[in-house]
>>> print(open('model38.csv').read())   # CSV, C-alpha atoms
chain,number,residue,atom,x,y,z
A,1,MET,CA,39.9,-5.9,-48.3
A,2,LYS,CA,37.3,-8.0,-46.6
A,3,PRO,CA,35.6,-6.6,-43.4
A,4,ASP,CA,36.7,-8.2,-40.2
A,5,TYR,CA,33.3,-9.6,-39.0
A,6,ARG,CA,34.8,-10.8,-35.7
A,7,LEU,CA,35.9,-7.2,-34.9
A,8,ILE,CA,32.5,-5.9,-35.9
A,9,LEU,CA,30.7,-8.5,-33.8
A,10,ALA,CA,33.0,-7.6,-30.9
A,11,ILE,CA,32.3,-3.9,-31.2
A,12,VAL,CA,28.5,-4.6,-31.4
A,13,LEU,CA,28.6,-6.8,-28.3
A,14,PHE,CA,30.7,-4.3,-26.4
A,15,SER,CA,28.3,-1.5,-27.4
A,16,VAL,CA,25.2,-3.6,-26.2
A,17,ILE,CA,26.9,-4.4,-22.9
A,18,LEU,CA,27.9,-0.8,-22.4
A,19,LEU,CA,24.4,0.4,-23.1
A,20,ALA,CA,22.9,-2.2,-20.8
A,21,SER,CA,25.3,-1.2,-18.1
A,22,ILE,CA,24.6,2.5,-18.4
A,23,THR,CA,20.8,1.8,-18.4
A,24,LEU,CA,21.1,-0.4,-15.3
A,25,ASN,CA,23.2,2.0,-13.5
A,26,PHE,CA,20.9,4.9,-14.3
A,27,HIS,CA,17.9,2.9,-13.0
A,28,LEU,CA,19.8,1.9,-9.8
A,29,PHE,CA,20.8,5.6,-9.3
A,30,ASN,CA,17.2,6.7,-9.6
A,31,ARG,CA,16.0,4.1,-7.2
A,32,GLY,CA,18.8,5.0,-4.8
A,33,GLN,CA,18.0,8.7,-5.0
A,34,GLN,CA,14.3,8.0,-4.3
A,35,TYR,CA,15.1,5.9,-1.2
A,36,TYR,CA,17.6,8.6,0.0
A,37,LEU,CA,15.0,11.4,-0.5
A,38,GLN,CA,12.3,9.3,1.2
A,39,LEU,CA,14.5,8.5,4.1
A,40,ASN,CA,15.4,12.1,4.8
A,41,GLU,CA,11.9,13.3,4.3
A,42,THR,CA,10.8,10.8,6.9
A,43,ARG,CA,13.4,12.1,9.3
A,44,LEU,CA,12.1,15.6,8.9
A,45,ASP,CA,8.5,14.5,9.6
A,46,PRO,CA,8.5,10.9,10.8
A,47,LEU,CA,4.7,10.6,10.9
A,48,GLY,CA,3.8,12.7,7.9
A,49,LEU,CA,1.7,15.0,10.1
A,50,SER,CA,2.3,17.9,7.7
A,51,TYR,CA,1.1,15.9,4.7
A,52,TYR,CA,-2.6,16.8,5.2
A,53,SER,CA,-4.3,19.7,6.9
A,54,SER,CA,-5.8,18.9,10.3
A,55,VAL,CA,-8.7,21.3,9.6
A,56,PRO,CA,-10.6,19.5,6.9
A,57,ASP,CA,-13.5,22.0,6.7
A,58,GLN,CA,-11.1,24.7,5.5
A,59,GLN,CA,-10.5,22.5,2.4
A,60,GLY,CA,-14.3,22.0,1.8
A,61,LEU,CA,-13.9,18.3,2.2
A,62,ILE,CA,-16.8,17.6,4.4
A,63,SER,CA,-20.4,17.7,3.2
A,64,PRO,CA,-23.0,17.2,6.0
A,65,GLU,CA,-25.4,15.7,3.5
A,66,ARG,CA,-23.1,12.8,2.7
A,67,VAL,CA,-21.6,9.9,4.5
A,68,THR,CA,-17.9,10.6,5.1
A,69,VAL,CA,-15.6,7.7,4.1
A,70,VAL,CA,-11.9,7.9,4.9
A,71,LEU,CA,-9.4,5.8,2.9
A,72,PHE,CA,-6.5,5.4,5.3
A,73,GLY,CA,-3.1,3.7,5.2
A,74,ASP,CA,0.0,3.6,3.0
A,75,SER,CA,0.7,4.2,-0.7
A,76,ARG,CA,-1.8,1.5,-1.6
A,77,ALA,CA,-4.5,3.5,0.2
A,78,ALA,CA,-3.2,6.8,-1.2
A,79,ALA,CA,-3.6,5.5,-4.8
A,80,TRP,CA,-7.1,4.1,-4.2
A,81,PRO,CA,-9.6,6.2,-6.1
A,82,ALA,CA,-13.1,6.7,-4.8
A,83,PRO,CA,-15.7,4.3,-6.4
A,84,PRO,CA,-17.7,6.1,-9.1
A,85,ASN,CA,-21.4,6.8,-8.9
A,86,LEU,CA,-21.8,6.9,-5.2
A,87,SER,CA,-23.1,10.4,-4.7
A,88,GLU,CA,-24.3,9.7,-1.1
A,89,PHE,CA,-20.7,9.2,0.0
A,90,GLU,CA,-18.0,11.7,0.5
A,91,PHE,CA,-14.6,10.1,0.1
A,92,VAL,CA,-11.5,11.6,1.7
A,93,ASN,CA,-8.1,10.0,1.1
A,94,ARG,CA,-5.6,9.9,4.0
A,95,GLY,CA,-3.0,7.5,2.6
A,96,ILE,CA,0.7,8.3,2.7
A,97,GLY,CA,3.3,6.4,0.7
A,98,ALA,CA,5.9,4.2,2.4
A,99,GLN,CA,4.3,4.4,5.8
A,100,THR,CA,4.2,1.5,8.2
A,101,SER,CA,1.3,0.4,10.4
A,102,ALA,CA,3.0,2.1,13.3
A,103,GLN,CA,3.2,5.5,11.5
A,104,CYS,CA,-0.4,5.2,10.5
A,105,ALA,CA,-1.6,4.3,14.0
A,106,GLN,CA,0.3,7.3,15.5
A,107,ARG,CA,-1.1,9.8,13.0
A,108,PHE,CA,-4.7,8.6,13.3
A,109,ASP,CA,-5.7,11.3,15.7
A,110,ASP,CA,-4.4,14.0,13.4
A,111,HIS,CA,-5.6,12.8,10.0
A,112,VAL,CA,-8.7,10.7,10.7
A,113,SER,CA,-10.4,11.8,13.9
A,114,PRO,CA,-10.9,15.5,12.8
A,115,LEU,CA,-12.9,14.2,9.8
A,116,HIS,CA,-15.6,12.5,12.0
A,117,PRO,CA,-16.0,9.7,9.5
A,118,GLN,CA,-18.9,7.3,9.4
A,119,ILE,CA,-16.7,4.7,7.6
A,120,VAL,CA,-12.9,4.2,7.6
A,121,ILE,CA,-11.3,1.9,5.0
A,122,VAL,CA,-7.9,0.7,6.0
A,123,GLN,CA,-5.1,-0.7,3.8
A,124,VAL,CA,-1.8,-1.0,5.5
A,125,GLY,CA,1.0,-3.5,6.5
A,126,ILE,CA,3.1,-4.2,3.5
A,127,ASN,CA,5.8,-1.7,4.5
A,128,ASP,CA,6.2,-3.5,7.8
A,129,LEU,CA,6.4,-7.0,6.4
A,130,LYS,CA,8.7,-6.1,3.5
A,131,THR,CA,11.5,-5.4,6.1
A,132,ILE,CA,11.6,-9.0,7.3
A,133,PRO,CA,14.4,-10.1,4.9
A,134,LEU,CA,16.5,-7.2,6.2
A,135,PHE,CA,15.9,-8.1,9.9
A,136,PRO,CA,15.1,-11.9,9.9
A,137,GLU,CA,15.9,-12.1,13.7
A,138,ARG,CA,13.0,-9.7,14.3
A,139,LYS,CA,10.5,-11.4,12.1
A,140,GLU,CA,8.1,-12.4,14.9
A,141,VAL,CA,8.2,-9.0,16.5
A,142,ILE,CA,7.5,-7.3,13.1
A,143,ILE,CA,4.5,-9.5,12.5
A,144,ALA,CA,3.2,-9.1,16.0
A,145,ARG,CA,3.4,-5.3,16.0
A,146,CYS,CA,1.8,-5.1,12.5
A,147,LYS,CA,-1.2,-7.1,13.8
A,148,GLU,CA,-1.3,-4.9,17.0
A,149,ASN,CA,-1.2,-1.7,15.0
A,150,ILE,CA,-3.9,-2.7,12.5
A,151,GLN,CA,-6.1,-3.8,15.4
A,152,GLU,CA,-5.4,-0.5,17.2
A,153,ILE,CA,-6.4,1.5,14.0
A,154,ALA,CA,-9.7,-0.5,13.8
A,155,GLU,CA,-10.4,0.0,17.5
A,156,ARG,CA,-9.8,3.8,17.3
A,157,SER,CA,-12.1,4.0,14.3
A,158,THR,CA,-14.9,2.2,16.0
A,159,ALA,CA,-14.4,4.4,19.1
A,160,LEU,CA,-15.2,7.3,16.8
A,161,GLY,CA,-18.5,5.6,16.1
A,162,ALA,CA,-17.3,4.6,12.6
A,163,THR,CA,-17.7,1.4,10.7
A,164,VAL,CA,-14.4,-0.1,9.7
A,165,ILE,CA,-13.8,-1.7,6.4
A,166,LEU,CA,-10.6,-3.6,7.1
A,167,THR,CA,-9.0,-4.7,3.9
A,168,THR,CA,-6.6,-7.6,3.8
A,169,ILE,CA,-3.0,-6.8,2.6
A,170,PHE,CA,-2.7,-6.8,-1.2
A,171,PRO,CA,-0.5,-9.6,-2.7
A,172,ILE,CA,2.9,-8.7,-4.1
A,173,GLY,CA,4.1,-9.0,-7.7
A,174,GLN,CA,7.1,-10.7,-9.2
A,175,VAL,CA,10.2,-9.8,-7.2
A,176,PRO,CA,12.4,-7.6,-9.4
A,177,LEU,CA,16.1,-8.4,-9.9
A,178,GLU,CA,17.5,-5.6,-7.7
A,179,ARG,CA,15.3,-6.7,-4.8
A,180,ARG,CA,16.0,-10.4,-4.9
A,181,PRO,CA,19.2,-10.3,-2.7
A,182,PHE,CA,17.0,-8.5,0.0
A,183,TRP,CA,13.9,-10.7,-0.3
A,184,SER,CA,12.6,-14.0,1.0
A,185,ASN,CA,9.5,-16.1,0.9
A,186,ASP,CA,9.0,-15.1,4.6
A,187,VAL,CA,7.3,-12.0,3.4
A,188,ALA,CA,4.5,-13.9,1.6
A,189,LEU,CA,4.1,-16.1,4.6
A,190,ALA,CA,3.8,-13.1,6.9
A,191,ILE,CA,1.2,-11.5,4.6
A,192,ASP,CA,-0.9,-14.7,5.0
A,193,GLU,CA,-0.5,-14.6,8.7
A,194,VAL,CA,-1.4,-11.0,9.1
A,195,ASN,CA,-4.4,-11.4,6.8
A,196,ALA,CA,-5.6,-14.3,8.9
A,197,HIS,CA,-5.5,-12.0,11.9
A,198,ILE,CA,-7.3,-9.3,10.0
A,199,SER,CA,-10.0,-11.8,9.1
A,200,SER,CA,-10.4,-12.7,12.8
A,201,LEU,CA,-11.3,-9.1,13.6
A,202,GLN,CA,-14.7,-9.3,11.8
A,203,SER,CA,-17.3,-8.0,14.2
A,204,GLU,CA,-20.5,-5.9,14.3
A,205,ASN,CA,-18.6,-2.7,13.4
A,206,ILE,CA,-15.7,-4.2,11.6
A,207,ILE,CA,-16.2,-5.5,8.0
A,208,VAL,CA,-13.3,-7.6,6.6
A,209,PHE,CA,-12.9,-6.8,2.9
A,210,ASP,CA,-10.7,-9.5,1.3
A,211,SER,CA,-8.8,-7.5,-1.2
A,212,TYR,CA,-6.1,-10.2,-1.4
A,213,SER,CA,-8.4,-12.8,-2.9
A,214,ILE,CA,-9.7,-10.3,-5.4
A,215,LEU,CA,-6.2,-9.4,-6.7
A,216,ALA,CA,-4.2,-12.7,-6.3
A,217,ASP,CA,-3.7,-15.4,-8.8
A,218,SER,CA,-3.3,-19.1,-8.1
A,219,LYS,CA,0.3,-18.6,-7.0
A,220,GLY,CA,-0.5,-15.9,-4.5
A,221,LEU,CA,0.9,-13.1,-6.6
A,222,VAL,CA,-1.0,-10.2,-7.9
A,223,ARG,CA,-2.7,-11.0,-11.2
A,224,PRO,CA,-0.5,-9.6,-14.1
A,225,GLU,CA,-3.4,-7.5,-15.5
A,226,TYR,CA,-3.7,-5.8,-12.1
A,227,SER,CA,0.1,-5.2,-11.5
A,228,GLN,CA,1.7,-1.7,-11.8
A,229,ASP,CA,4.9,-2.7,-10.2
A,230,PHE,CA,6.2,-5.1,-7.5
A,231,LEU,CA,4.2,-3.5,-4.6
A,232,HIS,CA,1.4,-1.6,-6.3
A,233,ILE,CA,-1.6,-2.3,-8.5
A,234,ASN,CA,-2.8,-0.3,-11.5
A,235,ALA,CA,-6.1,1.3,-12.3
A,236,LYS,CA,-7.6,-2.0,-13.5
A,237,GLY,CA,-6.8,-3.5,-10.1
A,238,TYR,CA,-8.5,-0.7,-8.2
A,239,GLU,CA,-11.5,-1.0,-10.6
A,240,ALA,CA,-11.8,-4.7,-9.5
A,241,LEU,CA,-11.6,-3.7,-5.8
A,242,ASN,CA,-14.1,-0.9,-6.2
A,243,HIS,CA,-16.6,-3.2,-8.0
A,244,GLU,CA,-16.8,-5.3,-4.9
A,245,LEU,CA,-16.4,-2.3,-2.5
A,246,THR,CA,-19.5,-0.7,-4.0
A,247,HIS,CA,-21.6,-3.7,-3.0
A,248,VAL,CA,-20.2,-3.4,0.6
A,249,LEU,CA,-21.0,0.3,0.8
A,250,ALA,CA,-24.5,-0.2,-0.7
A,251,ALA,CA,-25.3,-2.7,2.1
A,252,TRP,CA,-24.0,-0.3,4.8
A,253,GLU,CA,-26.6,1.3,7.0
>>> encode(input="model38.csv", output="structure tokens")
Amino acid sequence: MKPDYRLILAIVLFSVILLASITLNFHLFNRGQQYYLQLNETRLDPLGLSYYSSVPDQQGLISPERVTVVLFGDSRAAAWPAPPNLSEFEFVNRGIGAQTSAQCAQRFDDHVSPLHPQIVIVQVGINDLKTIPLFPERKEVIIARCKENIQEIAERSTALGATVILTTIFPIGQVPLERRPFWSNDVALAIDEVNAHISSLQSENIIVFDSYSILADSKGLVRPEYSQDFLHINAKGYEALNHELTHVLAAWE
């Protein structure tokens, strides 16, 4: 009796489709669970004030012999490692994942001011702008408030006597399939608009560090070799940023 190849093919195709469906649903479940946990964690502590101690000296973070540099902002700041071989600087990270510019501005006095930094490096804004496709009617307000909050963070930093290294918002990567129904090109346009505003803030105590240009390809997306996922860069991307940041810090007085 000859094997029924059509039946075998049908079974194989069904098995592949079933496996793909299970894999996709498992991925979507994990993503949904992450968002759900993140949402409820934010409800418990909207500003993330409990994320870091407000008494840095108890953690041995501050060395009076070194220049204190605070990396401040969202997950992109939180993942930013200190540049190597800069022993004269003390780097303290105060990034918190998923935070908007409003959250960062409101926790500044708790997480940055007590450190008495000489330099504050700011990377924030993408979590504001990525909401535009969800609230298109509020696009102009979202962009305006993002600009205002970033400027407020810069002004609060200079009021402490610190130099601000204001980094432009990183480019995004390829939009994954599950995000495409909730995405639009307005996000990329908003990033360009906010980055133009950031560039306009250059002054005696505010240095604009164009991280966007370092990371972006000719299409305005993060270079593939620097991409970790849709919104985040990998270690090689941070190496590229730190290569340039080292020159900026070396010129600081």
>>> closest_residue(input="model38.csv", among="A:Ser101, A:Thr158, A:Asn85, A:Asn185", to="Pro133 (chain A)", atoms="all atoms listed in the file")
A:Asn185
>>> axis_aligned_box(input="model38.csv", around="region 83-93 of chain A", padding_each_side="6 Å", output="AutoDock Vina command-line options")
--center_x -16.2 --center_y 8.0 --center_z -3.7 --size_x 28.2 --size_y 19.4 --size_z 22.8
>>> closest_residue(input="model38.csv", among="A:Val70, A:Ala98, A:Val92, A:Ala190", to="Ala144 (chain A)", atoms="only C-alpha atoms")
A:Ala190
>>> atom_distance(input="model38.csv", atom1="CA of Arg76 (chain A)", atom2="CA of Glu137 (chain A)")
27.1 Å
>>> closest_residue(input="model38.csv", among="A:Val164, A:Ile191, A:Ile172, A:Ile22", to="Leu129 (chain A)", atoms="only C-alpha atoms")
A:Ile191
>>> closest_residue(input="model38.csv", among="A:Pro64, A:Gly95, A:Gly237, A:Pro83", to="Leu49 (chain A)", atoms="all atoms listed in the file")
A:Gly95
>>> closest_residue(input="model38.csv", among="A:Ser63, A:Thr168, A:Gln174, A:Ser87", to="Asp192 (chain A)", atoms="all atoms listed in the file")
A:Thr168
>>> atom_distance(input="model38.csv", atom1="CA of Cys104 (chain A)", atom2="CA of Gly73 (chain A)")
6.1 Å
>>> residues_near_point(input="model38.csv", point="(-8.3, -0.2, -11.9)", cutoff="12 Å", atoms="only C-alpha atoms", output="list in words")
Ala79, Trp80, Pro81, Ala82, Pro83, Pro84, Leu215, Glu225, Tyr226, Ser227, Gln228, His232, Ile233, Asn234, Ala235, Lys236, Gly237, Tyr238, Glu239, Ala240, Leu241, Asn242 and His243 of chain A
>>> closest_residue(input="model38.csv", among="A:Ala159, A:Leu189, A:Ile11, A:Leu201", to="Gln118 (chain A)", atoms="all atoms listed in the file")
A:Ala159
>>> atom_distance(input="model38.csv", atom1="CA of Ser200 (chain A)", atom2="CA of Ala102 (chain A)")
20.0 Å
>>> residues_around(input="model38.csv", residues="Asn93 (chain A)", least_positions_apart="4", cutoff="7 Å", atoms="all atoms listed in the file", output="list in words")
Val70, Leu71, Phe72 and Ala78 of chain A
>>> residues_around(input="model38.csv", residues="Arg179 (chain A)", least_positions_apart="2", cutoff="12 Å", atoms="all atoms listed in the file", output="list of chain:residue names")
A:Leu28, A:Arg31, A:Lys130, A:Thr131, A:Pro133, A:Leu134, A:Gly173, A:Gln174, A:Val175, A:Pro176, A:Leu177, A:Pro181, A:Phe182, A:Trp183, A:Ser184, A:Phe230, A:Leu231
>>> residues_around(input="model38.csv", residues="Val208 (chain A)", least_positions_apart="4", cutoff="10 Å", atoms="all atoms listed in the file", output="PDB file with C-alpha atoms, in the coordinates of the input")
ATOM      1  CA  ILE A 121     -11.300   1.900   5.000  1.00  0.00           C
ATOM      2  CA  VAL A 122      -7.900   0.700   6.000  1.00  0.00           C
ATOM      3  CA  VAL A 164     -14.400  -0.100   9.700  1.00  0.00           C
ATOM      4  CA  ILE A 165     -13.800  -1.700   6.400  1.00  0.00           C
ATOM      5  CA  LEU A 166     -10.600  -3.600   7.100  1.00  0.00           C
ATOM      6  CA  THR A 167      -9.000  -4.700   3.900  1.00  0.00           C
ATOM      7  CA  THR A 168      -6.600  -7.600   3.800  1.00  0.00           C
ATOM      8  CA  ASN A 195      -4.400 -11.400   6.800  1.00  0.00           C
ATOM      9  CA  ILE A 198      -7.300  -9.300  10.000  1.00  0.00           C
ATOM     10  CA  SER A 199     -10.000 -11.800   9.100  1.00  0.00           C
ATOM     11  CA  SER A 200     -10.400 -12.700  12.800  1.00  0.00           C
ATOM     12  CA  LEU A 201     -11.300  -9.100  13.600  1.00  0.00           C
ATOM     13  CA  GLN A 202     -14.700  -9.300  11.800  1.00  0.00           C
ATOM     14  CA  SER A 203     -17.300  -8.000  14.200  1.00  0.00           C
TER      15      SER A 203
END
>>> residues_near_point(input="model38.csv", point="(-8.2, 5.6, 15.2)", cutoff="8 Å", atoms="all atoms listed in the file", output="PyMOL selection string")
chain A and resi 105+108-109+112-113+152-160
>>> decode(input="model38.csv", residues="region 56-156 of chain A", atoms="C-alpha atoms", output="mmCIF file, in the first residue's frame")
data_model
loop_
_atom_site.group_PDB
_atom_site.id
_atom_site.type_symbol
_atom_site.label_atom_id
_atom_site.label_comp_id
_atom_site.auth_asym_id
_atom_site.auth_seq_id
_atom_site.Cartn_x
_atom_site.Cartn_y
_atom_site.Cartn_z
ATOM 1 C CA PRO A 56 23.323 58.173 48.095
ATOM 2 C CA ASP A 57 26.167 58.385 50.622
ATOM 3 C CA GLN A 58 24.753 55.330 52.404
ATOM 4 C CA GLN A 59 25.430 53.330 49.245
ATOM 5 C CA GLY A 60 28.988 54.616 48.918
ATOM 6 C CA LEU A 61 28.177 56.138 45.540
ATOM 7 C CA ILE A 62 29.798 59.516 45.961
ATOM 8 C CA SER A 63 33.538 60.072 45.966
ATOM 9 C CA PRO A 64 34.623 63.640 46.779
ATOM 10 C CA GLU A 65 37.758 63.207 44.688
ATOM 11 C CA ARG A 66 35.789 62.563 41.494
ATOM 12 C CA VAL A 67 33.400 64.469 39.274
ATOM 13 C CA THR A 68 29.882 63.113 39.826
ATOM 14 C CA VAL A 69 28.050 62.319 36.591
ATOM 15 C CA VAL A 70 24.384 61.268 36.739
ATOM 16 C CA LEU A 71 22.838 59.336 33.838
ATOM 17 C CA PHE A 72 19.149 60.240 34.035
ATOM 18 C CA GLY A 73 16.044 59.229 32.106
ATOM 19 C CA ASP A 74 14.188 56.161 30.895
ATOM 20 C CA SER A 75 15.288 52.585 30.072
ATOM 21 C CA ARG A 76 17.712 53.875 27.460
ATOM 22 C CA ALA A 77 19.479 55.819 30.199
ATOM 23 C CA ALA A 78 19.142 52.919 32.648
ATOM 24 C CA ALA A 79 20.985 50.593 30.240
ATOM 25 C CA TRP A 80 23.722 53.128 29.442
ATOM 26 C CA PRO A 81 27.009 51.861 30.957
ATOM 27 C CA ALA A 82 29.660 54.233 32.207
ATOM 28 C CA PRO A 83 32.409 54.921 29.657
ATOM 29 C CA PRO A 84 35.543 52.959 30.536
ATOM 30 C CA ASN A 85 38.891 54.403 31.585
ATOM 31 C CA LEU A 86 37.577 57.657 33.025
ATOM 32 C CA SER A 87 38.794 57.338 36.591
ATOM 33 C CA GLU A 88 38.304 61.031 37.357
ATOM 34 C CA PHE A 89 34.524 60.660 36.946
ATOM 35 C CA GLU A 90 32.040 58.924 39.261
ATOM 36 C CA PHE A 91 29.051 57.670 37.234
ATOM 37 C CA VAL A 92 25.715 57.175 38.967
ATOM 38 C CA ASN A 93 22.784 55.792 36.976
ATOM 39 C CA ARG A 94 19.298 57.107 37.683
ATOM 40 C CA GLY A 95 17.386 55.716 34.712
ATOM 41 C CA ILE A 96 14.067 53.903 35.143
ATOM 42 C CA GLY A 97 12.503 51.800 32.405
ATOM 43 C CA ALA A 98 9.249 52.849 30.699
ATOM 44 C CA GLN A 99 9.229 56.323 32.241
ATOM 45 C CA THR A 100 7.976 59.397 30.423
ATOM 46 C CA SER A 101 9.600 62.810 30.526
ATOM 47 C CA ALA A 102 6.895 63.924 32.987
ATOM 48 C CA GLN A 103 7.758 61.132 35.434
ATOM 49 C CA CYS A 104 11.455 61.930 35.175
ATOM 50 C CA ALA A 105 10.891 65.642 35.713
ATOM 51 C CA GLN A 106 8.769 64.949 38.799
ATOM 52 C CA ARG A 107 11.310 62.615 40.417
ATOM 53 C CA PHE A 108 14.317 64.838 39.674
ATOM 54 C CA ASP A 109 14.424 66.316 43.187
ATOM 55 C CA ASP A 110 14.441 62.848 44.750
ATOM 56 C CA HIS A 111 16.871 61.055 42.473
ATOM 57 C CA VAL A 112 19.238 63.698 41.110
ATOM 58 C CA SER A 113 19.400 66.681 43.459
ATOM 59 C CA PRO A 114 20.667 64.685 46.498
ATOM 60 C CA LEU A 115 23.676 63.528 44.442
ATOM 61 C CA HIS A 116 24.933 67.110 43.885
ATOM 62 C CA PRO A 117 26.196 66.237 40.405
ATOM 63 C CA GLN A 118 28.638 68.284 38.394
ATOM 64 C CA ILE A 119 27.301 66.727 35.174
ATOM 65 C CA VAL A 120 23.840 65.376 34.299
ATOM 66 C CA ILE A 121 23.391 63.286 31.135
ATOM 67 C CA VAL A 122 19.741 63.148 30.018
ATOM 68 C CA GLN A 123 18.119 60.610 27.678
ATOM 69 C CA VAL A 124 14.314 60.670 27.757
ATOM 70 C CA GLY A 125 11.256 61.218 25.557
ATOM 71 C CA ILE A 126 10.552 58.081 23.538
ATOM 72 C CA ASN A 127 7.925 56.830 26.007
ATOM 73 C CA ASP A 128 5.998 60.057 25.498
ATOM 74 C CA LEU A 129 6.163 60.010 21.717
ATOM 75 C CA LYS A 130 5.385 56.306 21.248
ATOM 76 C CA THR A 131 1.863 56.986 22.602
ATOM 77 C CA ILE A 132 0.965 59.293 19.697
ATOM 78 C CA PRO A 133 -0.619 56.519 17.547
ATOM 79 C CA LEU A 134 -2.856 55.625 20.501
ATOM 80 C CA PHE A 135 -3.943 59.231 21.068
ATOM 81 C CA PRO A 136 -3.620 60.945 17.662
ATOM 82 C CA GLU A 137 -5.926 63.773 18.684
ATOM 83 C CA ARG A 138 -3.472 64.662 21.474
ATOM 84 C CA LYS A 139 -0.355 64.592 19.304
ATOM 85 C CA GLU A 140 0.496 68.289 19.566
ATOM 86 C CA VAL A 141 -0.006 68.294 23.338
ATOM 87 C CA ILE A 142 2.178 65.185 23.787
ATOM 88 C CA ILE A 143 4.990 66.740 21.760
ATOM 89 C CA ALA A 144 4.711 70.115 23.488
ATOM 90 C CA ARG A 145 4.778 68.589 26.975
ATOM 91 C CA CYS A 146 7.727 66.392 26.064
ATOM 92 C CA LYS A 147 9.678 69.474 25.000
ATOM 93 C CA GLU A 148 8.667 71.336 28.162
ATOM 94 C CA ASN A 149 9.648 68.478 30.468
ATOM 95 C CA ILE A 150 13.049 67.963 28.851
ATOM 96 C CA GLN A 151 13.724 71.678 29.079
ATOM 97 C CA GLU A 152 12.614 71.665 32.738
ATOM 98 C CA ILE A 153 15.018 68.808 33.536
ATOM 99 C CA ALA A 154 17.836 70.745 31.873
ATOM 100 C CA GLU A 155 16.987 73.927 33.770
ATOM 101 C CA ARG A 156 16.750 72.115 37.115
#
